[in-house]
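Undergrad: My questions will all concern the structure given below.
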Amino acid sequence: VQLQACGGGLVQAGGSLRLSCVASGRAFSSGAAGWFRRAPGNEREFVAAIRRNNRNTYYGDSVKGRFTISGDNAKNTVFLQMNSLKPEDTAIYYCAFTKTNYISSALRDDIRYDYWGQGTLVTVSS
């Protein structure tokens, strides 16, 4: 399985970006997809997750109300719409898939994910 993330770039504070992540190699029938990010000098941080079966979504506190995760199960694709971007959102963003239907709190933990994309850089200028 390979995950390909794209959509990163340079944007001014207050702007928007949309990240995409496509999984190839197999079809996922369960589990969830997530986005994490890592800023320079920081640990990887949970951003958002979405379940495949019921489309329930979960967000990190720092992005709640500004970011929206969505997915297209038929295309094994997950999106992250990022609005009202702030300089502190600057990071490498990683998409990840898990085959397991974990409880919501577990989906915030990066060790639960089986497959990872290569990351896409988002830079927000002030």
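Ligands are numbered from 1 in the order shown, residues from 1 within each chain, and chains are lettered A, B, ... in the order they appear in the structure tokens.
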If you run DSSP on the backbone, which residues of stretch 30-100 of chain A are strand (DSSP E or B), as a PyMOL selection string?
TA: chain A and resi 32-38+45-51+57-59+67-72+77-82+91-98
Undergrad: Go through A:Thr98, A:Ser125, A:Thr90, A:Ser20 and flag the residue nearest A:Gly71, using only C-alpha atoms for the distances.
TA: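 For A:Gly71, the nearest of the given residues is A:Ser20.
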Undergrad: With only C-alpha atoms as the atoms that count, which of A:Ser104, A:Asn73, A:Asn53, A:Asn83 lies nearest to A:Arg26?
TA: A:Asn73
Undergrad: Would you list the contacts of A:Asn76 as an MDAnalysis selection string, taking every protein, DNA or RNA residue within 12 Å and counting only C-alpha atoms, but skipping same-chain residues closer than 6 positions in sequence?
TA: chainID A and resid 1:4 20:33 52 70 96:97
Undergrad: May I have all residues of chain A that DSSP, computed from the backbone, assigns to helix (DSSP H, G or I), given as a list in words?
TA: Asn73, Ala74, Lys75, Pro87, Glu88, Asp89, Ala106, Leu107, Arg108, Asp110, Ile111 and Arg112 of chain A
Undergrad: Taking C-alpha atoms for each residue, export the selection above as an mmCIF file, in the first residue's frame.
TA:
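Written out: out_4.cif:
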```cif
data_model
loop_
_atom_site.group_PDB
_atom_site.id
_atom_site.type_symbol
_atom_site.label_atom_id
_atom_site.label_comp_id
_atom_site.auth_asym_id
_atom_site.auth_seq_id
_atom_site.Cartn_x
_atom_site.Cartn_y
_atom_site.Cartn_z
ATOM 1 C CA ASN A 73 -14.143 5.706 0.041
ATOM 2 C CA ALA A 74 -14.649 4.634 -3.557
ATOM 3 C CA LYS A 75 -11.436 6.402 -4.536
ATOM 4 C CA PRO A 87 1.763 30.771 10.952
ATOM 5 C CA GLU A 88 1.707 28.138 13.686
ATOM 6 C CA ASP A 89 0.080 25.742 11.211
ATOM 7 C CA ALA A 106 -6.950 5.861 19.869
ATOM 8 C CA LEU A 107 -7.272 7.497 16.464
ATOM 9 C CA ARG A 108 -5.334 10.457 17.880
ATOM 10 C CA ASP A 110 0.031 7.889 15.488
ATOM 11 C CA ILE A 111 1.144 4.382 16.465
ATOM 12 C CA ARG A 112 -2.350 3.107 15.561
#
```
Undergrad: With distances taken over only C-alpha atoms, which of A:Leu85, A:Val78, A:Ile50, A:Leu10 is nearest to A:Gly65?
TA: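 The shortest atom-to-atom distance to A:Gly65 comes from A:Leu85.
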Undergrad: Just checking: using only C-alpha atoms, which residue out of A:Tyr59, A:Tyr113, A:Phe46, A:Tyr93 ends up closest to A:Cys6?
TA: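 Closest to A:Cys6, using only C-alpha atoms: A:Tyr93.
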Undergrad: Of the residues A:Leu19, A:Arg55, A:Arg44, A:Ala39, which is the one nearest to A:Asn101, using only C-alpha atoms?
TA: A:Arg55
Undergrad: Distance atom CA of A:Ser84-atom CA of A:Phe67, one decimal place?
TA: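 If I compute the distance from atom CA of A:Ser84 to atom CA of A:Phe67, I get 8.4 Å.
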Undergrad: From the list A:Tyr115, A:Arg51, A:Ile103, A:Lys86, which residue is nearest A:Gln12 when using only C-alpha atoms?
TA: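 Smallest distance to A:Gln12 is found for A:Lys86.
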Undergrad: Counting only C-alpha atoms, what is within 12 Å of A:Arg37, bar same-chain residues fewer than 4 positions away, as a PyMOL selection string?
TA: chain A and resi 8+41-48+60+62-63+80+88-96+108+110+116-123
Undergrad: Hey, can you check how far atom CA of A:Val11 sits from atom CA of A:Asp61?
TA: 21.6 Å
Undergrad: Please measure the separation of atom CA of A:Arg66 and atom CA of A:Ser126, giving the value in Å to one decimal.
TA: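 These atoms are spaced 17.1 Å apart.
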Undergrad: With only C-alpha atoms as the counted atoms, please give the residues lying no more than 6 Å from A:Ala49, apart from itself and same-chain residues fewer than 3 positions off, as a list of chain:residue names.
TA: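 Everything that qualifies: A:Ala33, A:Gly34, A:Thr57, A:Tyr58.
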